[in-house]
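Visitor: My file is work-v7.cif. It has mmCIF, C-alpha atoms:
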data_run
#
loop_
_atom_site.group_PDB
_atom_site.id
_atom_site.type_symbol
_atom_site.label_atom_id
_atom_site.label_comp_id
_atom_site.auth_asym_id
_atom_site.auth_seq_id
_atom_site.Cartn_x
_atom_site.Cartn_y
_atom_site.Cartn_z
ATOM 1 C CA GLY A 1 -120.975 -2.080 17.883
ATOM 2 C CA MET A 2 -123.235 -2.453 20.858
ATOM 3 C CA ASN A 3 -126.661 -4.052 20.728
ATOM 4 C CA PHE A 4 -129.553 -3.908 23.174
ATOM 5 C CA CYS A 5 -132.127 -6.117 24.856
ATOM 6 C CA ALA A 6 -135.604 -4.755 25.455
ATOM 7 C CA GLU A 7 -139.236 -5.727 25.758
ATOM 8 C CA ARG A 8 -141.290 -5.329 22.610
ATOM 9 C CA LYS A 9 -143.260 -2.298 23.803
ATOM 10 C CA ILE A 10 -140.158 -0.504 25.076
ATOM 11 C CA ALA A 11 -138.148 -1.397 21.953
ATOM 12 C CA GLN A 12 -140.834 0.120 19.712
ATOM 13 C CA ILE A 13 -140.827 3.381 21.696
ATOM 14 C CA ALA A 14 -137.014 3.611 21.578
ATOM 15 C CA MET A 15 -136.830 2.886 17.831
ATOM 16 C CA GLU A 16 -139.542 5.429 17.000
ATOM 17 C CA SER A 17 -138.179 8.136 19.300
ATOM 18 C CA TYR A 18 -134.449 7.864 18.531
ATOM 19 C CA GLY A 19 -134.349 6.080 15.187
ATOM 20 C CA ILE A 20 -132.483 3.056 16.529
ATOM 21 C CA ASP A 21 -131.703 0.457 13.896
ATOM 22 C CA PRO A 22 -133.939 -2.605 14.530
ATOM 23 C CA ARG A 23 -130.920 -4.804 13.911
ATOM 24 C CA LYS A 24 -129.386 -3.385 17.098
ATOM 25 C CA ILE A 25 -132.267 -4.878 19.125
ATOM 26 C CA VAL A 26 -132.091 -8.576 20.019
ATOM 27 C CA SER A 27 -135.014 -10.351 18.315
ATOM 28 C CA ASP A 28 -137.740 -12.347 20.008
ATOM 29 C CA PRO A 29 -136.668 -16.053 20.199
ATOM 30 C CA ILE A 30 -138.781 -18.200 17.872
ATOM 31 C CA GLU A 31 -137.864 -21.404 19.709
ATOM 32 C CA LEU A 32 -139.603 -20.034 22.832
ATOM 33 C CA GLY A 33 -142.770 -18.979 21.033
ATOM 34 C CA GLY A 34 -141.571 -15.618 19.770
ATOM 35 C CA ASP A 35 -142.082 -14.053 16.352
ATOM 36 C CA GLY A 36 -138.489 -13.134 15.568
ATOM 37 C CA GLN A 37 -139.150 -9.359 15.631
ATOM 38 C CA PRO A 38 -137.008 -6.865 17.583
ATOM 39 C CA GLY A 39 -137.818 -6.915 21.284
ATOM 40 C CA PHE A 40 -138.855 -9.749 23.572
ATOM 41 C CA ASN A 41 -142.547 -10.626 23.547
ATOM 42 C CA CYS A 42 -142.488 -14.438 23.829
ATOM 43 C CA PRO A 43 -145.046 -15.889 26.252
ATOM 44 C CA LYS A 44 -142.676 -18.569 27.592
ATOM 45 C CA CYS A 45 -139.395 -16.669 27.971
ATOM 46 C CA LYS A 46 -140.230 -14.264 30.832
ATOM 47 C CA ALA A 47 -139.520 -11.241 28.685
ATOM 48 C CA ARG A 48 -139.036 -8.732 31.526
ATOM 49 C CA GLU A 49 -136.333 -10.840 33.198
ATOM 50 C CA ARG A 50 -134.793 -12.037 29.937
ATOM 51 C CA VAL A 51 -133.838 -8.425 29.233
ATOM 52 C CA PHE A 52 -131.323 -8.615 32.133
ATOM 53 C CA THR A 53 -130.477 -12.322 31.902
ATOM 54 C CA ASN A 54 -129.150 -12.078 28.346
ATOM 55 C CA MET A 55 -126.852 -9.135 29.044
ATOM 56 C CA ARG A 56 -123.134 -9.846 28.561
ATOM 57 C CA GLN A 57 -120.177 -7.524 28.817
ATOM 58 C CA SER A 58 -118.779 -9.129 25.693
ATOM 59 C CA HIS A 59 -120.307 -11.751 23.426
ATOM 60 C CA SER A 60 -120.119 -13.180 19.902
ATOM 61 C CA ASP A 61 -123.802 -13.916 19.245
ATOM 62 C CA PRO A 62 -125.807 -10.691 18.764
ATOM 63 C CA SER A 63 -128.936 -12.699 17.958
ATOM 64 C CA LEU A 64 -129.048 -14.034 21.523
ATOM 65 C CA TYR A 65 -127.069 -11.707 23.795
ATOM 66 C CA CYS A 66 -126.731 -7.953 24.209
ATOM 67 C CA ASN A 67 -124.278 -5.458 25.722
ATOM 68 C CA ALA A 68 -126.893 -3.269 27.412
ATOM 69 C CA ALA A 69 -130.615 -3.240 28.056
ATOM 70 C CA ILE A 70 -133.376 -0.708 27.625
ATOM 71 C CA ALA A 71 -135.681 -1.413 30.553
ATOM 72 C CA SER A 72 -137.770 0.296 33.201
ATOM 73 C CA GLU A 73 -136.051 1.260 36.437
ATOM 74 C CA GLU A 74 -138.854 -0.381 38.409
ATOM 75 C CA ASP A 75 -137.920 -3.799 36.993
ATOM 76 C CA LEU A 76 -134.292 -3.401 38.046
ATOM 77 C CA ASP A 77 -135.322 -2.246 41.544
ATOM 78 C CA THR A 78 -137.558 -5.286 41.910
ATOM 79 C CA PHE A 79 -134.780 -7.702 40.969
ATOM 80 C CA HIS A 80 -132.363 -5.975 43.353
ATOM 81 C CA ARG A 81 -134.962 -6.341 46.097
ATOM 82 C CA TYR A 82 -134.588 -10.116 45.764
ATOM 83 C CA GLU A 83 -130.804 -9.911 45.311
ATOM 84 C CA LYS A 84 -130.902 -10.729 41.606
ATOM 85 C CA HIS A 85 -128.869 -9.182 38.790
ATOM 86 C CA CYS A 86 -126.760 -7.262 41.310
ATOM 87 C CA ASN A 87 -124.059 -6.799 38.670
ATOM 88 C CA LYS A 88 -126.388 -4.599 36.617
ATOM 89 C CA VAL A 89 -126.795 -0.895 37.355
ATOM 90 C CA LYS A 90 -128.699 1.993 35.859
ATOM 91 C CA VAL A 91 -126.682 4.209 33.526
ATOM 92 C CA GLY A 92 -127.752 7.738 32.606
ATOM 93 C CA ASN A 93 -131.212 9.297 32.729
ATOM 94 C CA PRO A 94 -134.472 7.839 31.391
ATOM 95 C CA ILE A 95 -134.685 8.052 27.611
ATOM 96 C CA THR A 96 -138.481 8.071 27.521
ATOM 97 C CA TYR A 97 -141.554 7.994 29.752
ATOM 98 C CA ARG A 98 -144.777 6.048 29.596
ATOM 99 C CA SER A 99 -148.093 7.727 30.322
ATOM 100 C CA LEU A 100 -150.697 5.794 32.278
ATOM 101 C CA GLY A 101 -154.292 6.866 32.756
ATOM 102 C CA ILE A 102 -157.589 5.748 34.236
ATOM 103 C CA PRO A 103 -161.098 6.465 32.962
ATOM 104 C CA ILE A 104 -162.982 9.111 34.956
ATOM 105 C CA TYR A 105 -166.707 9.899 34.899
ATOM 106 C CA ASP A 106 -167.262 13.304 33.282
ATOM 107 C CA LYS A 107 -169.462 14.527 36.123
ATOM 108 C CA HIS A 108 -166.637 14.137 38.656
ATOM 109 C CA SER A 109 -163.633 14.647 36.404
ATOM 110 C CA ASP A 110 -163.017 18.307 37.305
ATOM 111 C CA ALA A 111 -162.962 17.612 41.043
ATOM 112 C CA LEU A 112 -160.723 14.555 40.653
ATOM 113 C CA VAL A 113 -158.284 16.338 38.334
ATOM 114 C CA SER A 114 -158.056 19.202 40.824
ATOM 115 C CA LEU A 115 -157.425 16.736 43.653
ATOM 116 C CA LEU A 116 -154.694 14.944 41.699
ATOM 117 C CA HIS A 117 -152.932 18.226 40.894
ATOM 118 C CA LYS A 118 -153.125 19.256 44.551
ATOM 119 C CA ILE A 119 -151.598 16.059 45.958
ATOM 120 C CA LYS A 120 -148.905 16.187 43.280
ATOM 121 C CA ALA A 121 -148.028 19.779 44.166
ATOM 122 C CA GLU A 122 -147.888 18.865 47.880
ATOM 123 C CA GLY A 123 -145.447 16.043 47.155
ATOM 124 C CA VAL A 124 -147.787 13.293 48.307
ATOM 125 C CA MET A 125 -147.331 11.234 45.169
ATOM 126 C CA THR A 126 -143.531 11.592 45.224
ATOM 127 C CA SER A 127 -143.236 10.616 48.897
ATOM 128 C CA THR A 128 -145.582 7.664 48.383
ATOM 129 C CA LEU A 129 -143.524 6.492 45.436
ATOM 130 C CA LYS A 130 -140.290 6.688 47.446
ATOM 131 C CA ALA A 131 -141.869 4.863 50.382
ATOM 132 C CA SER A 132 -143.065 2.027 48.152
ATOM 133 C CA ARG A 133 -139.734 1.658 46.375
ATOM 134 C CA PRO A 134 -138.193 -1.706 47.304
ATOM 135 C CA GLU A 135 -134.929 -1.652 49.225
ATOM 136 C CA SER A 136 -132.026 -3.249 47.456
ATOM 137 C CA GLN A 137 -130.558 -6.366 49.059
ATOM 138 C CA CYS A 138 -127.488 -6.365 46.857
ATOM 139 C CA PRO A 139 -124.135 -5.941 48.618
ATOM 140 C CA GLU A 140 -122.595 -2.482 48.486
ATOM 141 C CA THR A 141 -119.796 -2.410 45.933
ATOM 142 C CA GLY A 142 -119.207 1.320 45.457
ATOM 143 C CA GLY A 143 -120.232 4.788 46.535
ATOM 144 C CA GLU A 144 -120.054 5.814 50.187
ATOM 145 C CA GLY A 145 -120.235 2.268 51.563
ATOM 146 C CA SER A 146 -120.903 1.457 55.178
ATOM 147 C CA ALA A 147 -120.124 3.859 58.023
ATOM 148 C CA LEU A 148 -116.963 3.440 60.106
ATOM 149 C CA ASN A 149 -117.463 1.829 63.483
ATOM 150 C CA VAL A 150 -115.912 2.888 66.815
ATOM 151 C CA GLN A 151 -113.010 0.474 66.502
ATOM 152 C CA GLN A 152 -112.072 1.827 63.068
ATOM 153 C CA LEU A 153 -112.226 5.418 64.335
ATOM 154 C CA THR A 154 -109.989 4.699 67.349
ATOM 155 C CA GLY A 155 -106.777 5.301 65.427
ATOM 156 C CA VAL A 156 -107.940 8.717 64.212
ATOM 157 C CA TRP A 157 -108.877 9.866 67.726
ATOM 158 C CA VAL A 158 -105.652 8.528 69.264
ATOM 159 C CA ILE A 159 -103.552 10.496 66.757
ATOM 160 C CA THR A 160 -105.671 13.642 67.252
ATOM 161 C CA PHE A 161 -105.498 13.584 71.057
ATOM 162 C CA SER A 162 -101.773 12.784 70.947
ATOM 163 C CA PHE A 163 -101.080 15.946 68.957
ATOM 164 C CA ALA A 164 -103.313 17.972 71.289
ATOM 165 C CA LEU A 165 -101.554 16.632 74.401
ATOM 166 C CA PHE A 166 -98.126 17.271 72.894
ATOM 167 C CA ALA A 167 -99.132 20.876 72.083
ATOM 168 C CA LEU A 168 -100.283 21.456 75.683
ATOM 169 C CA LEU A 169 -97.046 20.057 77.081
ATOM 170 C CA VAL A 170 -94.975 22.315 74.835
ATOM 171 C CA ARG A 171 -97.127 25.281 75.791
ATOM 172 C CA PHE A 172 -96.698 24.785 79.545
ATOM 173 C CA ALA A 173 -93.007 23.925 79.220
ATOM 174 C CA SER A 174 -92.243 27.176 77.392
ATOM 175 C CA ARG A 175 -94.579 29.318 79.499
ATOM 176 C CA PRO A 176 -92.887 31.802 81.874
ATOM 177 C CA GLU A 177 -93.348 31.425 85.609
ATOM 178 C CA ARG A 178 -96.735 32.466 86.866
ATOM 179 C CA ASN A 179 -95.227 34.688 89.578
ATOM 180 C CA LEU A 180 -93.280 36.905 87.177
ATOM 181 C CA ARG A 181 -95.857 39.642 87.734
ATOM 182 C CA CYS A 182 -95.263 39.546 91.501
ATOM 183 C CA ASN A 183 -92.190 40.039 93.670
ATOM 184 C CA GLN A 184 -91.525 38.624 97.150
ATOM 185 C CA VAL A 185 -90.436 41.582 99.291
ATOM 186 C CA GLU A 186 -89.754 42.000 103.009
ATOM 187 C CA ASN A 187 -92.251 44.189 104.854
ATOM 188 C CA ALA A 188 -91.756 46.384 107.940
ATOM 189 C CA SER A 189 -92.526 43.568 110.394
ATOM 190 C CA GLY A 190 -89.837 41.320 108.908
ATOM 191 C CA GLY A 191 -92.226 39.070 107.006
ATOM 192 C CA ARG A 192 -92.442 38.604 103.265
ATOM 193 C CA GLU A 193 -95.334 39.564 101.064
ATOM 194 C CA ARG A 194 -96.131 39.502 97.381
ATOM 195 C CA VAL A 195 -96.138 42.865 95.604
ATOM 196 C CA LEU A 196 -97.800 43.244 92.225
ATOM 197 C CA MET A 197 -95.392 44.616 89.645
ATOM 198 C CA LEU A 198 -96.477 47.527 87.492
ATOM 199 C CA TYR A 199 -95.238 45.961 84.273
ATOM 200 C CA ARG A 200 -96.121 42.738 82.574
ATOM 201 C CA TYR A 201 -94.245 40.196 80.496
ATOM 202 C CA ASP A 202 -95.318 39.311 77.001
ATOM 203 C CA GLN A 203 -96.352 35.796 75.928
ATOM 204 C CA TRP A 204 -92.697 34.801 75.374
ATOM 205 C CA GLY A 205 -91.602 35.948 78.848
ATOM 206 C CA ASN A 206 -89.864 39.132 77.679
ATOM 207 C CA ALA A 207 -90.147 42.186 79.926
ATOM 208 C CA PRO A 208 -91.223 45.507 78.401
ATOM 209 C CA PRO A 209 -88.513 48.149 77.871
ATOM 210 C CA ASN A 210 -88.008 50.409 80.913
ATOM 211 C CA THR A 211 -87.224 53.621 79.061
ATOM 212 C CA VAL A 212 -89.777 55.866 80.775
ATOM 213 C CA VAL A 213 -88.064 58.652 82.727
ATOM 214 C CA VAL A 214 -90.052 60.438 85.446
ATOM 215 C CA ASP A 215 -88.456 63.412 87.218
ATOM 216 C CA GLY A 216 -85.011 62.212 86.177
ATOM 217 C CA TYR A 217 -85.451 58.653 87.455
ATOM 218 C CA ARG A 218 -85.988 55.405 85.648
ATOM 219 C CA TYR A 219 -87.160 52.156 87.183
ATOM 220 C CA ASP A 220 -84.681 49.277 86.928
ATOM 221 C CA ALA A 221 -86.334 45.851 86.984
ATOM 222 C CA ASP A 222 -83.164 43.945 87.934
ATOM 223 C CA SER A 223 -82.432 45.926 91.098
ATOM 224 C CA ASP A 224 -86.084 46.847 91.710
ATOM 225 C CA GLU A 225 -84.974 50.430 92.343
ATOM 226 C CA LEU A 226 -85.257 53.863 90.777
ATOM 227 C CA GLN A 227 -82.029 54.929 89.112
ATOM 228 C CA GLU A 228 -81.141 58.529 88.372
ATOM 229 C CA VAL A 229 -80.392 59.246 84.761
ATOM 230 C CA ALA A 230 -78.782 62.234 83.075
ATOM 231 C CA VAL A 231 -81.581 64.547 81.964
ATOM 232 C CA SER A 232 -81.282 68.176 80.892
ATOM 233 C CA ASP A 233 -82.801 70.907 83.034
ATOM 234 C CA ASN A 234 -85.443 71.590 80.427
ATOM 235 C CA GLU A 235 -86.556 67.970 80.555
ATOM 236 C CA ARG A 236 -86.410 67.684 84.380
ATOM 237 C CA ARG A 237 -90.054 68.527 84.936
ATOM 238 C CA PRO A 238 -92.792 67.141 87.221
ATOM 239 C CA PHE A 239 -94.733 64.155 85.892
ATOM 240 C CA ALA A 240 -97.888 66.254 85.733
ATOM 241 C CA HIS A 241 -96.256 68.466 83.135
ATOM 242 C CA GLY A 242 -94.386 65.972 81.022
ATOM 243 C CA PHE A 243 -92.443 62.722 80.740
ATOM 244 C CA ASN A 244 -89.708 61.253 78.628
ATOM 245 C CA ILE A 245 -89.910 58.152 76.428
ATOM 246 C CA LYS A 246 -86.580 57.241 74.830
ATOM 247 C CA GLY A 247 -85.320 60.791 75.336
ATOM 248 C CA SER A 248 -88.338 62.517 73.748
ATOM 249 C CA HIS A 249 -90.047 65.135 75.918
ATOM 250 C CA TYR A 250 -93.819 65.654 75.845
ATOM 251 C CA ASP A 251 -95.175 68.887 77.349
ATOM 252 C CA PHE A 252 -98.875 68.530 78.176
ATOM 253 C CA ASP A 253 -99.200 72.302 78.745
ATOM 254 C CA ARG A 254 -97.956 72.967 75.213
ATOM 255 C CA ILE A 255 -100.329 70.341 73.792
ATOM 256 C CA GLU A 256 -103.283 71.959 75.559
ATOM 257 C CA GLU A 257 -102.259 75.374 74.221
ATOM 258 C CA GLU A 258 -102.050 74.018 70.679
ATOM 259 C CA GLU A 259 -105.479 72.386 70.937
ATOM 260 C CA ALA A 260 -106.994 75.629 72.230
ATOM 261 C CA ALA A 261 -105.300 77.555 69.421
ATOM 262 C CA LYS A 262 -106.787 75.201 66.815
ATOM 263 C CA GLU A 263 -110.267 75.884 68.113
ATOM 264 C CA ASP A 264 -109.627 79.633 67.644
ATOM 265 C CA ASN A 265 -108.393 78.982 64.073
ATOM 266 C CA SER A 266 -104.862 79.921 65.167
ATOM 267 C CA ILE A 267 -101.546 78.211 64.396
ATOM 268 C CA VAL A 268 -99.000 77.986 67.227
ATOM 269 C CA ASP A 269 -95.395 77.617 66.147
ATOM 270 C CA GLU A 270 -92.480 77.971 68.654
ATOM 271 C CA GLY A 271 -94.654 80.018 71.004
ATOM 272 C CA ILE A 272 -95.675 82.553 68.294
ATOM 273 C CA ALA A 273 -99.404 82.760 67.441
ATOM 274 C CA VAL A 274 -100.302 83.699 63.883
ATOM 275 C CA ASN A 275 -103.980 84.614 63.271
#
Do you think you could lay out the structure here as structure tokens?

Guide:
Amino acid sequence: GMNFCAERKIAQIAMESYGIDPRKIVSDPIELGGDGQPGFNCPKCKARERVFTNMRQSHSDPSLYCNAAIASEEDLDTFHRYEKHCNKVKVGNPITYRSLGIPIYDKHSDALVSLLHKIKAEGVMTSTLKASRPESQCPETGGEGSALNVQQLTGVWVITFSFALFALLVRFASRPERNLRCNQVENASGGRERVLMLYRYDQWGNAPPNTVVVDGYRYDADSDELQEVAVSDNERRPFAHGFNIKGSHYDFDRIEEEEAAKEDNSIVDEGIAVN
């Protein structure tokens, strides 16, 4: 299985907190002044850096090398600041925390404790910690990476504007003539003038249906004239009284009578009022 490298003080906390087998912790090297116990504490081996130096992805000597390390994040950030151990990354969340304290005179302890709680609540300590965190000098190997420059974005914009231009060309090519709403007619003096038509084309250039009959006449768009149509005598009525749409006759007088009858709680049916 896996084994771990750690400083002596961190190894003791991990073993006590999680019951890690001491044999899973690489021992302190005796040849460098260590005592052979789990965790590095030798005065000549640079224990804090040895934790990362002796890490190997695979190895055959568990007494010297380890697969992973239990170390403080601050140590790893410091090494990355100087572009060291860039092939090591933090995995997971912290497994334990260390508490640090300073002695405070009893007479001023209450005021200082209150001040510390206040600056912590205001985020002063967190922002100061982030500002003092060293910036990694290791090359970016994953995550978001560097931003795209203008040259790399050129292809995206060229494709986008090409589609937009093509859509505009298709739109104008299939658009009906702008003067479809106007006709060029000859006036009394022999000149020509533009006359606004009373009907409009839809977005595909199709004219609306000319099925409205007024006083027995229907407007024909092709000849620009009123054409007489066969309408029964009952339907041949002034426009003020009614009009025909697709052969259906609407009598405004009758509609007004029905509305007035409804207000009087009466029902009008075929000219007969029933109260």

Visitor: If I take CA of Ala71 (chain A) and CA of Lys120 (chain A), how far is one from the other in Å, to one decimal?

Guide: 25.4 Å

Visitor: Could you work out how far CA of Gly39 (chain A) lies from CA of Ser99 (chain A), giving the answer in Å with one decimal?

Guide: 20.0 Å

Visitor: Which residue gives the smallest distance to Pro139 (chain A) among A:Lys44, A:Arg98, A:Arg81, A:Arg192, with all atoms listed in the file counted?

Guide: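 Answer, going by the shortest atom-to-atom distance: A:Arg81.
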
Visitor: Rounded to one decimal place, report the CA of Lys24 (chain A)-CA of Ala47 (chain A) distance in Å.

Guide: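 Going from CA of Lys24 (chain A) over to CA of Ala47 (chain A), I get 17.3 Å.
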
Visitor: Taking (-125.4, -11.7, 19.5) in the file's own coordinates, collect the residues within 12 Å, counting all atoms listed in the file, and hand them back as a PyMOL selection string.

Guide: chain A and resi 1-5+23-27+54-68

Visitor: Considering only C-alpha atoms, return as a PDB file with C-alpha atoms, in the frame of the given file whatever protein or nucleic-acid residues lie within 7 Å of Val229 (chain A), sequence-local ones (same chain, fewer than 3 positions apart) excluded.

Guide:
ATOM      1  CA  GLY A 216     -85.011  62.212  86.177  1.00  0.00           C
ATOM      2  CA  TYR A 217     -85.451  58.653  87.455  1.00  0.00           C
ATOM      3  CA  ARG A 218     -85.988  55.405  85.648  1.00  0.00           C
TER       4      ARG A 218
END
